[in-house]
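Colleague: There's a structure below that I have some questions on.
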Amino acid sequence: MDTRQLREKTPDELRNMHLELKKEAFNIRFRLVEGNFQNTARIKEVRRDIARINTILNEQKEKV
């Protein structure tokens, strides 16, 4: 996800996205252990998206 798109979202939307990405990361790890996950690049994408959302949420907290 692009950072510009994330900055346009409200904090509630970002928190919801964060929760969904955390769930997806858990599911990916679970499927990796089972051995039926093919798109290993998705792990990196999800982790980076989580980090971007955390950064933007922290920036928004500092402004208030």
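Simple scheme: letters A, B, ... for chains in structure tokens order, numbers from 1 for residues in each chain, numbers from 1 for ligands in the order shown.
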Find the spatial neighbours of range 50-53 of chain A, counting only C-alpha atoms, within a cut-off of 7 Å - ignore same-chain residues fewer than 4 positions away - and output them as a ChimeraX atom specification.
Modeller: /A:14,18,21,46,57
Colleague: Store the residues picked out above in a file with N, CA, C and O atoms, as a PDB file, in the first residue's frame.
Modeller:
ATOM      1  N   LEU A  14      -7.094   3.232   9.924  1.00  0.00           N
ATOM      2  CA  LEU A  14      -5.741   2.682  10.019  1.00  0.00           C
ATOM      3  C   LEU A  14      -5.666   1.573  11.061  1.00  0.00           C
ATOM      4  O   LEU A  14      -5.000   0.557  10.842  1.00  0.00           O
ATOM      5  N   HIS A  18      -4.638  -2.204  10.402  1.00  0.00           N
ATOM      6  CA  HIS A  18      -3.559  -2.804  11.188  1.00  0.00           C
ATOM      7  C   HIS A  18      -4.000  -4.157  11.743  1.00  0.00           C
ATOM      8  O   HIS A  18      -3.260  -5.146  11.661  1.00  0.00           O
ATOM      9  N   LEU A  21      -4.168  -6.725   8.924  1.00  0.00           N
ATOM     10  CA  LEU A  21      -2.844  -7.144   8.484  1.00  0.00           C
ATOM     11  C   LEU A  21      -2.179  -8.061   9.503  1.00  0.00           C
ATOM     12  O   LEU A  21      -1.470  -9.006   9.135  1.00  0.00           O
ATOM     13  N   VAL A  46       3.381  -7.601   3.888  1.00  0.00           N
ATOM     14  CA  VAL A  46       2.504  -7.424   5.048  1.00  0.00           C
ATOM     15  C   VAL A  46       3.273  -6.781   6.199  1.00  0.00           C
ATOM     16  O   VAL A  46       2.782  -5.855   6.848  1.00  0.00           O
ATOM     17  N   LEU A  57       0.397   6.220  12.372  1.00  0.00           N
ATOM     18  CA  LEU A  57      -0.381   6.401  13.605  1.00  0.00           C
ATOM     19  C   LEU A  57       0.423   7.170  14.652  1.00  0.00           C
ATOM     20  O   LEU A  57      -0.103   8.046  15.329  1.00  0.00           O
TER      21      LEU A  57
END
Colleague: Figure out the distance between CA of Asn54 in chain A and CA of Ala41 in chain A, please, to one decimal in Å.
Modeller: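 We find that CA of Ala41 in chain A and CA of Asn54 in chain A lie 20.5 Å from each other.
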Colleague: Could you tell me how far CA of Val64 in chain A sits from CA of Arg4 in chain A, in Å to one decimal place?
Modeller: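 For CA of Arg4 in chain A relative to CA of Val64 in chain A, the distance reads 19.7 Å.
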Colleague: Taking only C-alpha atoms into account, which of A:Asn36, A:Met1, A:Arg7, A:Ala25 comes nearest Glu59 in chain A?
Modeller: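 Nearest to Glu59 in chain A: A:Arg7.
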Colleague: Between A:Pro11, A:Gln5, A:Leu19, A:Asn39, single out the one closest to Asn58 in chain A, counting only C-alpha atoms.
Modeller: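 Going through A:Pro11, A:Gln5, A:Leu19, A:Asn39 one by one, the smallest distance to Asn58 in chain A is for A:Pro11.
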